[in-house]
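Heads up, the thing below is written out as structure tokens.
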Amino acid sequence: MDYKSTLNLPSTSFPMKANLPQREPDFIKFWIDNKIYEKALSLKNKNKRYILHDGPPYANGHIHIGHALNKILKDIVVKNKLLEGYYSPFVPGWDCHGLPIELNVTKNLGPNAKTTPFSEIRKLSREYAQKFIDIQREEFIRLGVFGIWDKPYLTMSKEYEANIAKVLVNLADKGVIYKGEKPIHWCFHCGTALAEAEIEYYEKESPAIYVKFPVKESKVNVDGKLFVLIWTTTPWTLPGNVALAFSEELEYVVVSFDGKEYYVLAKNLVNEVSYKLGKDPSYLKDISMEDVKSLKVFHPFESRESKVVFSEHVVSDTGTGIVHIAPGHGIEDYEVGVRYGLLLLSPVDDEGRFTEEVSEWKGIKVFEANKLIVEYLDKIGVLLHYESYKHQYPHCWRCKNPVIFRTKPQWFFNVSEKFIKSKALEEINNVKWVPSWGKNRIESMVKNRTDWCLSRQRAWGVPIPAITCKKCGKTYLGGSWGKHIVEIFLRDGVDVWFEKSIKDLLGDFKCDCGGNDFEKEKDIVDVWFDSGVSSFCVLDEREELSSPADLYLEGSDQHRGWFQSSLWPSIAIKGKAPYKNVLTHGFVLDEQGRAMHKSLGNVVSPEEVIKKYGADVLRLWVVSEDFTEDLRIGDHILEKVVDAYRKIRNTFRYMIANLYDFSENDKLPYSKLTDIDKWVLDRLYSVSKNLIEYYDNFEFNKVYRNIYDFFNIELSSFYFDVLKDRLYTGKRDGIKRRSSQTAMYYLLSFMVKFVSPILSFTSEDVWHHFFKDRTGISSVFLTEYDTIPDEWNNKEIRENFDTVLYVREVVLKALDIARRSEVINSSLEAKVYIDTSNKKIKEILEYYKDSLWEFFIVSQCVVESFDPSNLIYYEEEEIRVGVSKAEGKKCERCWIYSTTVGSNPDHPTICSKCLEALCNF
RNA sequence: GGGCCUAUAGCUCAGGUGGUCAGAGCACAUCCCUGAUAAGGAUGGGGUCAGUGGUUCGAAUCCACUUGGGCCCA
């Protein structure tokens, strides 16, 4: 007889091989065609909200692995909240304005760029951004990310743009926007301001000079004239000098080479100066920081003081350890100037010529003036040394000419204003930062933050709707004018600013002085402001959303970026942070822990990973690492993730296959379950509690670990292995089999849901193969986590099995020895003897004595004192184990050895247990 | 150059307030099974906890410095 056909072997069409790259698109199609996310949301419409607000990626280029990491993490949060029963709408966004897009557009225009009108550049930029929004949207969807993809927010949408202007006007009304000056890169050849990205560094030859600044007063006593010595490669910036910066980290000395003139400079640069002069010092003395602070220094040719200040940016690798400060001609200088309240001079016009403020060289281009200034310094006796110096210098990317720093009027957001800054710091304290050091990080950045320069001299962005009266020079941004122009923007879009004349926009607005002839502001607002006001333009505007958001989740670089740009406007207008929780993730590095660079050839793209392994593998990778730190990725790491994926998939498959003949009606009540099934439900109870806690704390790596370990240790290697006998050979609807199937049904139902925020495709695959028809629910994402019955929490069973499992370890070692001694091959060929002096253990073993053979997967197991001779013997701690060949013959059906084999002449090759099972076959 | 973060077996990770803390899973090797089968099970070998120097009776765990790596600034 063919006994194999009488077994209840696992049966399923759920494929072992996932074939994710090919099959995942079908699930995406299913989700989209059946509007699964929309349905899930509408099911939870009345429930508590959970708002994760998307930080908009820049609409330029394809997504990289960092984008994938970010969106997958967000998706895990959103799906988990959905399954917890929250209404969690995810509205994806894109950052659309800004220089990189404008540059790509103008690059494509080639030499025509200069003559292309603003409005055309804006139109092309808009098309360019839209193209990449469409590309990136498909790429995000391919990752399995749920979101309201057909209604994302775009910072270039008509409403969003108008709202940007509205928030800006609101801020102006709050009195935190002001007009000031700031140095910018300027190409006087092209007559335009340049952004950092438009600067190229080339070698340039400049005059390097040592200049003596006369000291008028000090505590330093020398027998001659005292000077502070500086070194510069831009003599033309000297007319703008207002200060001399020292470093508190350096030591200074007074040195003389001729006994007549004495110079203050950094101690460790004396040798360099001495070498250049070709003279040894005739006098050298340390001076204290107090001495330095006592110096009252004057400008070498202007009749004003050159103030002594201190700055960290002063170093002693070259020069004199004292830096001449011209706040109008350098960013660092400017910042020092802001800190010390220094005069801001920028006596240079658009063509790079000195203005009349510098009467001596008025009208002369600054680079040509260099030579004249050096000659002049020499003439008045303050030039110590001159040489030609080659160094890296910024040049215009377009015309390749050297650029300069000069100041232009700019719009600022006054964040250093006391009230705003202290309010911001207070609010930072009310936000939960994950990981916790994020708070420290943003706090120190906020503390040191200087005013935010909002204006950009560009085309692709939202105009700053300010006007200046030509008659009296008064500038308007907020007030009734602001209200008026925002109304127009909301109705017609911000493009009218560029397209219409000021007269058309003005309405009946008049200047306080009575004038009605105005000039339009040409600058646009910084892109960081665009995304920074998203809580106003998205959370406050869209019905399904609200502010403050429950969560912002971005890379740790956003402490400087979006988290801050979002904080300031919200603080200034609402007095509140726009978020309750802020979670940051690290950066994705290669397997060696190095940043990815095209030149290193170590870039891993999400597209490649999906093509080779599938999105679920990428999703599993995300949680297999600790995302609060930097993450590593590469083929070796991904292979490991694939292994883990296979294990999880197979565990699901095993459950599905063994439940092929089980339905809800076959479920047994908890009280009827066998102990091992009660044990596994106790494990499921504790795993479930853990998982919910881990999910809520964003500890996804622990979620992964807990699931993976549960599948490997408890389920695969013990529970499922033990179950095989009763599932395959037991009576089809026998109590033991149904008991285990009941537990397995819960395992499958609970775990497929817990896994679904991570392995969304695979979970849906499982759902469709098993639960869809049984429940009538078409998607796992239309369900919620199962409630965890408290009766599963069974301390007694747990403790019993702790003991059983401990003894099992010892037994397995004994079996291994028996196997290596060639006493047995399969563990079913063994009979096991166990004895222990531990009363408690013995009690438990005796209680389970009829099940031990099953737990250990052997044919016979006895608990009694035994003679170890003639047995394979092993002991550990108090456990003594003996192994011999099992008694009786191998049953052809269940493969267990039994003395009952042959007792029935009709079935001479099978055991009594199998005979019983066959009765109702 | 500065701020923040980071360094534990081949990989991914555990190791509150210092004293069985040198762990887990996977991978690997060897063996078993062939009724989860391009699956399943068992046993085993792997680390001077980046380095140096301190504090301490005692440090992976505290402190300092160094080195490597990352983010943000300069």
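Scheme for the structure tokens: letters A, B, ... for chains in order shown; per-chain residue numbers from 1; ligand numbers from 1 in order shown.
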Problem set entry | Residue hits in chain B, query chain A, radius 9 Å, only C-alpha atoms (C1' of nucleotides), as a list in words |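 That gives the following set of residues: G1, G2, G3, C4, C5, U6, C11, U12, C13, A24, G25, C26, A27, C31, C32, C33, G35, A36, A38, A39, G40, G41, A42, U43, G69, G70, C71, C72 and A74 of chain B.
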For this session: Enumerate as a PyMOL selection string all residues of range 99-257 of chain A assigned to strand (DSSP E or B) by DSSP on the backbone, naming them with the chain letters and numbers the document uses.
Result: chain A and resi 153-154+177-187+192-194+199-217+225-232+243-246+252-256
Can you write just those residues out, C-alpha atoms, as an mmCIF file, in the first residue's frame?
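This is the output file result-v6.cif:
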```
data_model
loop_
_atom_site.group_PDB
_atom_site.id
_atom_site.type_symbol
_atom_site.label_atom_id
_atom_site.label_comp_id
_atom_site.auth_asym_id
_atom_site.auth_seq_id
_atom_site.Cartn_x
_atom_site.Cartn_y
_atom_site.Cartn_z
ATOM 1 C CA TYR A 153 2.040 68.879 -3.024
ATOM 2 C CA LEU A 154 4.354 70.791 -5.312
ATOM 3 C CA ILE A 177 11.635 90.700 7.828
ATOM 4 C CA TYR A 178 14.100 93.463 7.145
ATOM 5 C CA LYS A 179 16.290 94.722 4.357
ATOM 6 C CA GLY A 180 20.011 94.700 4.921
ATOM 7 C CA GLU A 181 23.249 94.214 3.060
ATOM 8 C CA LYS A 182 25.286 91.118 2.576
ATOM 9 C CA PRO A 183 28.312 90.275 0.478
ATOM 10 C CA ILE A 184 27.739 88.016 -2.477
ATOM 11 C CA HIS A 185 29.875 86.652 -5.263
ATOM 12 C CA TRP A 186 29.724 89.104 -8.105
ATOM 13 C CA CYS A 187 30.960 88.776 -11.640
ATOM 14 C CA THR A 192 25.471 89.387 -12.154
ATOM 15 C CA ALA A 193 25.388 87.827 -8.746
ATOM 16 C CA LEU A 194 26.583 84.248 -8.580
ATOM 17 C CA ILE A 199 31.677 79.364 -8.832
ATOM 18 C CA GLU A 200 34.639 77.494 -10.201
ATOM 19 C CA TYR A 201 38.023 77.620 -8.563
ATOM 20 C CA TYR A 202 41.121 78.192 -10.675
ATOM 21 C CA GLU A 203 44.640 79.209 -9.934
ATOM 22 C CA LYS A 204 45.207 82.948 -10.009
ATOM 23 C CA GLU A 205 48.231 85.112 -9.380
ATOM 24 C CA SER A 206 47.647 87.855 -6.832
ATOM 25 C CA PRO A 207 49.805 90.391 -5.053
ATOM 26 C CA ALA A 208 50.454 89.130 -1.543
ATOM 27 C CA ILE A 209 51.426 91.886 0.815
ATOM 28 C CA TYR A 210 52.361 92.390 4.439
ATOM 29 C CA VAL A 211 50.796 95.610 5.680
ATOM 30 C CA LYS A 212 51.551 97.526 8.863
ATOM 31 C CA PHE A 213 48.588 98.880 10.823
ATOM 32 C CA PRO A 214 49.726 101.557 13.255
ATOM 33 C CA VAL A 215 48.942 101.059 16.936
ATOM 34 C CA LYS A 216 47.859 104.249 18.687
ATOM 35 C CA GLU A 217 47.447 102.937 22.217
ATOM 36 C CA LYS A 225 56.732 102.463 16.694
ATOM 37 C CA LEU A 226 54.284 99.566 17.212
ATOM 38 C CA PHE A 227 52.293 98.041 14.348
ATOM 39 C CA VAL A 228 49.969 95.119 13.858
ATOM 40 C CA LEU A 229 51.062 93.127 10.851
ATOM 41 C CA ILE A 230 48.563 91.617 8.437
ATOM 42 C CA TRP A 231 48.864 89.668 5.232
ATOM 43 C CA THR A 232 46.452 89.838 2.314
ATOM 44 C CA ALA A 243 38.803 95.535 11.848
ATOM 45 C CA LEU A 244 41.657 93.147 12.541
ATOM 46 C CA ALA A 245 40.798 89.650 13.630
ATOM 47 C CA PHE A 246 42.973 87.731 16.081
ATOM 48 C CA TYR A 252 51.206 86.435 19.763
ATOM 49 C CA VAL A 253 54.526 88.152 19.985
ATOM 50 C CA VAL A 254 56.067 91.540 19.352
ATOM 51 C CA VAL A 255 58.963 91.324 16.994
ATOM 52 C CA SER A 256 61.399 93.808 15.491
#
```
For this session: Considering only C-alpha atoms (C1' of nucleotides), return as a list in words whatever protein or nucleic-acid residues lie within 7 Å of range 740-745 of chain A, sequence-local ones (same chain, fewer than 4 positions apart) excluded.
Result: Met655, Leu659, Lys667, Leu668, Asp677, Leu681, Lys736 and Ser749 of chain A
Just write the chosen residues, N, CA, C and O atoms, as an mmCIF file, in the first residue's frame.
```cif
data_model
loop_
_atom_site.group_PDB
_atom_site.id
_atom_site.type_symbol
_atom_site.label_atom_id
_atom_site.label_comp_id
_atom_site.auth_asym_id
_atom_site.auth_seq_id
_atom_site.Cartn_x
_atom_site.Cartn_y
_atom_site.Cartn_z
ATOM 1 N N MET A 655 3.475 27.647 6.851
ATOM 2 C CA MET A 655 2.211 27.807 7.559
ATOM 3 C C MET A 655 1.030 27.683 6.597
ATOM 4 O O MET A 655 0.067 26.963 6.870
ATOM 5 N N LEU A 659 -1.953 24.649 6.452
ATOM 6 C CA LEU A 659 -3.312 25.053 6.823
ATOM 7 C C LEU A 659 -4.271 24.874 5.645
ATOM 8 O O LEU A 659 -5.367 25.415 5.636
ATOM 9 N N LYS A 667 -11.164 25.882 14.196
ATOM 10 C CA LYS A 667 -10.423 26.451 15.330
ATOM 11 C C LYS A 667 -10.900 25.843 16.638
ATOM 12 O O LYS A 667 -12.096 25.716 16.884
ATOM 13 N N LEU A 668 -9.942 25.505 17.498
ATOM 14 C CA LEU A 668 -10.278 25.007 18.823
ATOM 15 C C LEU A 668 -10.189 26.153 19.825
ATOM 16 O O LEU A 668 -9.395 27.072 19.643
ATOM 17 N N ASP A 677 1.203 24.068 21.839
ATOM 18 C CA ASP A 677 0.502 25.117 21.098
ATOM 19 C C ASP A 677 0.200 26.307 22.000
ATOM 20 O O ASP A 677 0.262 27.462 21.578
ATOM 21 N N LEU A 681 1.647 30.125 21.486
ATOM 22 C CA LEU A 681 0.791 31.316 21.582
ATOM 23 C C LEU A 681 1.293 32.271 22.667
ATOM 24 O O LEU A 681 1.151 33.478 22.545
ATOM 25 N N LYS A 736 -4.977 16.836 18.262
ATOM 26 C CA LYS A 736 -3.612 17.365 18.271
ATOM 27 C C LYS A 736 -3.316 18.152 16.997
ATOM 28 O O LYS A 736 -2.719 19.212 17.029
ATOM 29 N N SER A 749 -1.862 34.734 10.841
ATOM 30 C CA SER A 749 -2.657 35.953 10.798
ATOM 31 C C SER A 749 -1.949 37.124 11.471
ATOM 32 O O SER A 749 -1.890 38.233 10.940
#
```
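Here CA of Leu377 in chain A is placed at a distance of 28.7 Å from CA of Glu248 in chain A.
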Problem set entry | Residue neighbourhood U56 in chain B, 12 Å, only C-alpha atoms (C1' of nucleotides), exclusion window fewer than 4 positions, as number ranges by chain | B: 18-19, 62-63
For this session: Compile the contact shell of U52 in chain B as a PyMOL selection string: residues with an atom at most 12 Å away, counting only C-alpha atoms (C1' of nucleotides), same-chain residues fewer than 6 positions apart removed.
Result: chain B and resi 64-67
Using DSSP on the backbone, list every residue of range 599-628 of chain A that comes out as alpha helix (DSSP H), and give them as a PDB file with all heavy atoms, in the first residue's frame.
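Okay, part.pdb is ready:
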```pdb
ATOM      1  N   PRO A 606      18.829  52.410  -6.157  1.00  0.00           N
ATOM      2  CA  PRO A 606      17.650  51.604  -5.817  1.00  0.00           C
ATOM      3  C   PRO A 606      17.155  50.812  -7.030  1.00  0.00           C
ATOM      4  O   PRO A 606      16.696  49.690  -6.879  1.00  0.00           O
ATOM      5  CB  PRO A 606      16.617  52.638  -5.369  1.00  0.00           C
ATOM      6  CG  PRO A 606      17.178  53.972  -5.675  1.00  0.00           C
ATOM      7  CD  PRO A 606      18.637  53.828  -5.882  1.00  0.00           C
ATOM      8  N   GLU A 607      17.283  51.416  -8.185  1.00  0.00           N
ATOM      9  CA  GLU A 607      16.827  50.747  -9.396  1.00  0.00           C
ATOM     10  C   GLU A 607      17.530  49.398  -9.600  1.00  0.00           C
ATOM     11  O   GLU A 607      16.902  48.388  -9.898  1.00  0.00           O
ATOM     12  CB  GLU A 607      17.099  51.669 -10.595  1.00  0.00           C
ATOM     13  CG  GLU A 607      16.425  51.228 -11.864  1.00  0.00           C
ATOM     14  CD  GLU A 607      17.050  51.847 -13.099  1.00  0.00           C
ATOM     15  OE1 GLU A 607      17.890  52.762 -12.946  1.00  0.00           O
ATOM     16  OE2 GLU A 607      16.706  51.407 -14.202  1.00  0.00           O
ATOM     17  N   GLU A 608      18.861  49.412  -9.398  1.00  0.00           N
ATOM     18  CA  GLU A 608      19.620  48.167  -9.545  1.00  0.00           C
ATOM     19  C   GLU A 608      19.158  47.109  -8.556  1.00  0.00           C
ATOM     20  O   GLU A 608      19.021  45.938  -8.892  1.00  0.00           O
ATOM     21  CB  GLU A 608      21.099  48.418  -9.208  1.00  0.00           C
ATOM     22  CG  GLU A 608      21.941  49.050 -10.266  1.00  0.00           C
ATOM     23  CD  GLU A 608      23.321  49.368  -9.678  1.00  0.00           C
ATOM     24  OE1 GLU A 608      24.078  48.418  -9.458  1.00  0.00           O
ATOM     25  OE2 GLU A 608      23.603  50.554  -9.406  1.00  0.00           O
ATOM     26  N   VAL A 609      18.986  47.547  -7.296  1.00  0.00           N
ATOM     27  CA  VAL A 609      18.613  46.601  -6.253  1.00  0.00           C
ATOM     28  C   VAL A 609      17.253  45.989  -6.571  1.00  0.00           C
ATOM     29  O   VAL A 609      17.055  44.778  -6.454  1.00  0.00           O
ATOM     30  CB  VAL A 609      18.575  47.293  -4.871  1.00  0.00           C
ATOM     31  CG1 VAL A 609      18.121  46.318  -3.802  1.00  0.00           C
ATOM     32  CG2 VAL A 609      19.948  47.859  -4.527  1.00  0.00           C
ATOM     33  N   ILE A 610      16.325  46.829  -7.028  1.00  0.00           N
ATOM     34  CA  ILE A 610      14.988  46.335  -7.347  1.00  0.00           C
ATOM     35  C   ILE A 610      15.035  45.365  -8.514  1.00  0.00           C
ATOM     36  O   ILE A 610      14.388  44.326  -8.500  1.00  0.00           O
ATOM     37  CB  ILE A 610      14.061  47.527  -7.684  1.00  0.00           C
ATOM     38  CG1 ILE A 610      13.766  48.318  -6.407  1.00  0.00           C
ATOM     39  CG2 ILE A 610      12.775  47.045  -8.323  1.00  0.00           C
ATOM     40  CD1 ILE A 610      13.106  49.643  -6.654  1.00  0.00           C
ATOM     41  N   LYS A 611      15.844  45.717  -9.510  1.00  0.00           N
ATOM     42  CA  LYS A 611      15.942  44.867 -10.690  1.00  0.00           C
ATOM     43  C   LYS A 611      16.531  43.499 -10.347  1.00  0.00           C
ATOM     44  O   LYS A 611      16.133  42.475 -10.875  1.00  0.00           O
ATOM     45  CB  LYS A 611      16.837  45.548 -11.732  1.00  0.00           C
ATOM     46  CG  LYS A 611      16.111  45.831 -13.035  1.00  0.00           C
ATOM     47  CD  LYS A 611      16.922  46.738 -13.909  1.00  0.00           C
ATOM     48  CE  LYS A 611      17.378  46.084 -15.194  1.00  0.00           C
ATOM     49  NZ  LYS A 611      18.183  47.059 -15.981  1.00  0.00           N
ATOM     50  N   LYS A 612      17.495  43.518  -9.431  1.00  0.00           N
ATOM     51  CA  LYS A 612      18.192  42.283  -9.127  1.00  0.00           C
ATOM     52  C   LYS A 612      17.478  41.471  -8.039  1.00  0.00           C
ATOM     53  O   LYS A 612      17.399  40.246  -8.132  1.00  0.00           O
ATOM     54  CB  LYS A 612      19.605  42.629  -8.660  1.00  0.00           C
ATOM     55  CG  LYS A 612      20.569  41.472  -8.703  1.00  0.00           C
ATOM     56  CD  LYS A 612      22.011  41.969  -8.569  1.00  0.00           C
ATOM     57  CE  LYS A 612      22.970  40.825  -8.304  1.00  0.00           C
ATOM     58  NZ  LYS A 612      24.295  41.292  -7.898  1.00  0.00           N
ATOM     59  N   ALA A 615      11.945  45.066  -4.549  1.00  0.00           N
ATOM     60  CA  ALA A 615      11.782  46.152  -3.587  1.00  0.00           C
ATOM     61  C   ALA A 615      11.656  45.621  -2.158  1.00  0.00           C
ATOM     62  O   ALA A 615      12.114  46.257  -1.209  1.00  0.00           O
ATOM     63  CB  ALA A 615      10.549  46.990  -3.942  1.00  0.00           C
ATOM     64  N   ASP A 616      11.037  44.454  -1.994  1.00  0.00           N
ATOM     65  CA  ASP A 616      10.901  43.913  -0.647  1.00  0.00           C
ATOM     66  C   ASP A 616      12.256  43.627  -0.005  1.00  0.00           C
ATOM     67  O   ASP A 616      12.420  43.777   1.202  1.00  0.00           O
ATOM     68  CB  ASP A 616      10.052  42.635  -0.651  1.00  0.00           C
ATOM     69  CG  ASP A 616       8.620  42.919  -0.193  1.00  0.00           C
ATOM     70  OD1 ASP A 616       8.320  44.086   0.135  1.00  0.00           O
ATOM     71  OD2 ASP A 616       7.814  41.963  -0.158  1.00  0.00           O
ATOM     72  N   VAL A 617      13.219  43.249  -0.810  1.00  0.00           N
ATOM     73  CA  VAL A 617      14.558  43.010  -0.273  1.00  0.00           C
ATOM     74  C   VAL A 617      15.173  44.340   0.170  1.00  0.00           C
ATOM     75  O   VAL A 617      15.797  44.428   1.228  1.00  0.00           O
ATOM     76  CB  VAL A 617      15.451  42.289  -1.299  1.00  0.00           C
ATOM     77  CG1 VAL A 617      16.911  42.283  -0.861  1.00  0.00           C
ATOM     78  CG2 VAL A 617      14.953  40.859  -1.495  1.00  0.00           C
ATOM     79  N   LEU A 618      14.949  45.376  -0.628  1.00  0.00           N
ATOM     80  CA  LEU A 618      15.445  46.696  -0.248  1.00  0.00           C
ATOM     81  C   LEU A 618      14.758  47.160   1.038  1.00  0.00           C
ATOM     82  O   LEU A 618      15.379  47.734   1.934  1.00  0.00           O
ATOM     83  CB  LEU A 618      15.177  47.690  -1.382  1.00  0.00           C
ATOM     84  CG  LEU A 618      15.833  49.066  -1.230  1.00  0.00           C
ATOM     85  CD1 LEU A 618      17.346  48.936  -1.186  1.00  0.00           C
ATOM     86  CD2 LEU A 618      15.427  49.977  -2.382  1.00  0.00           C
ATOM     87  N   ARG A 619      13.481  46.910   1.137  1.00  0.00           N
ATOM     88  CA  ARG A 619      12.721  47.283   2.336  1.00  0.00           C
ATOM     89  C   ARG A 619      13.217  46.513   3.543  1.00  0.00           C
ATOM     90  O   ARG A 619      13.324  47.061   4.643  1.00  0.00           O
ATOM     91  CB  ARG A 619      11.222  47.042   2.115  1.00  0.00           C
ATOM     92  CG  ARG A 619      10.612  47.865   0.983  1.00  0.00           C
ATOM     93  CD  ARG A 619       9.150  47.507   0.726  1.00  0.00           C
ATOM     94  NE  ARG A 619       8.321  47.930   1.831  1.00  0.00           N
ATOM     95  CZ  ARG A 619       7.608  49.054   1.864  1.00  0.00           C
ATOM     96  NH1 ARG A 619       7.592  49.860   0.818  1.00  0.00           N
ATOM     97  NH2 ARG A 619       6.911  49.375   2.923  1.00  0.00           N
ATOM     98  N   LEU A 620      13.531  45.249   3.331  1.00  0.00           N
ATOM     99  CA  LEU A 620      14.039  44.439   4.445  1.00  0.00           C
ATOM    100  C   LEU A 620      15.426  44.927   4.856  1.00  0.00           C
ATOM    101  O   LEU A 620      15.763  44.957   6.036  1.00  0.00           O
ATOM    102  CB  LEU A 620      14.074  42.962   4.042  1.00  0.00           C
ATOM    103  CG  LEU A 620      14.265  41.966   5.183  1.00  0.00           C
ATOM    104  CD1 LEU A 620      13.110  42.076   6.175  1.00  0.00           C
ATOM    105  CD2 LEU A 620      14.374  40.546   4.670  1.00  0.00           C
ATOM    106  N   TRP A 621      16.213  45.349   3.861  1.00  0.00           N
ATOM    107  CA  TRP A 621      17.542  45.895   4.155  1.00  0.00           C
ATOM    108  C   TRP A 621      17.413  47.110   5.088  1.00  0.00           C
ATOM    109  O   TRP A 621      18.174  47.254   6.033  1.00  0.00           O
ATOM    110  CB  TRP A 621      18.260  46.288   2.861  1.00  0.00           C
ATOM    111  CG  TRP A 621      19.453  47.154   3.102  1.00  0.00           C
ATOM    112  CD1 TRP A 621      20.688  46.742   3.529  1.00  0.00           C
ATOM    113  CD2 TRP A 621      19.506  48.577   2.980  1.00  0.00           C
ATOM    114  NE1 TRP A 621      21.498  47.828   3.688  1.00  0.00           N
ATOM    115  CE2 TRP A 621      20.816  48.967   3.364  1.00  0.00           C
ATOM    116  CE3 TRP A 621      18.590  49.560   2.593  1.00  0.00           C
ATOM    117  CZ2 TRP A 621      21.208  50.303   3.362  1.00  0.00           C
ATOM    118  CZ3 TRP A 621      18.989  50.881   2.600  1.00  0.00           C
ATOM    119  CH2 TRP A 621      20.283  51.241   2.977  1.00  0.00           C
ATOM    120  N   VAL A 622      16.439  47.951   4.799  1.00  0.00           N
ATOM    121  CA  VAL A 622      16.257  49.171   5.603  1.00  0.00           C
ATOM    122  C   VAL A 622      16.111  48.819   7.081  1.00  0.00           C
ATOM    123  O   VAL A 622      16.733  49.433   7.941  1.00  0.00           O
ATOM    124  CB  VAL A 622      15.023  49.969   5.122  1.00  0.00           C
ATOM    125  CG1 VAL A 622      14.645  51.049   6.131  1.00  0.00           C
ATOM    126  CG2 VAL A 622      15.296  50.601   3.765  1.00  0.00           C
ATOM    127  N   VAL A 623      15.293  47.795   7.364  1.00  0.00           N
ATOM    128  CA  VAL A 623      15.077  47.481   8.778  1.00  0.00           C
ATOM    129  C   VAL A 623      16.137  46.549   9.336  1.00  0.00           C
ATOM    130  O   VAL A 623      16.233  46.370  10.551  1.00  0.00           O
ATOM    131  CB  VAL A 623      13.680  46.869   9.025  1.00  0.00           C
ATOM    132  CG1 VAL A 623      12.602  47.886   8.708  1.00  0.00           C
ATOM    133  CG2 VAL A 623      13.488  45.593   8.246  1.00  0.00           C
ATOM    134  N   SER A 624      16.933  45.951   8.459  1.00  0.00           N
ATOM    135  CA  SER A 624      17.984  45.065   8.961  1.00  0.00           C
ATOM    136  C   SER A 624      19.142  45.881   9.524  1.00  0.00           C
ATOM    137  O   SER A 624      20.024  45.348  10.164  1.00  0.00           O
ATOM    138  CB  SER A 624      18.489  44.147   7.853  1.00  0.00           C
ATOM    139  OG  SER A 624      19.371  44.850   6.994  1.00  0.00           O
TER     140      SER A 624
END
```
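CA of Ser125 in chain A lies 28.0 Å from CA of Phe405 in chain A.
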Exercise. Counting only C-alpha atoms (C1' of nucleotides), what is within 8 Å of range 452-465 of chain A, bar same-chain residues fewer than 2 positions away, as an NGL selection string?
Worked result: :A and (97-99 or 102 or 118 or 121-122 or 125 or 161 or 164-165 or 168 or 193 or 410-415 or 450 or 467 or 477 or 482 or 485 or 494 or 497 or 520-527 or 529)
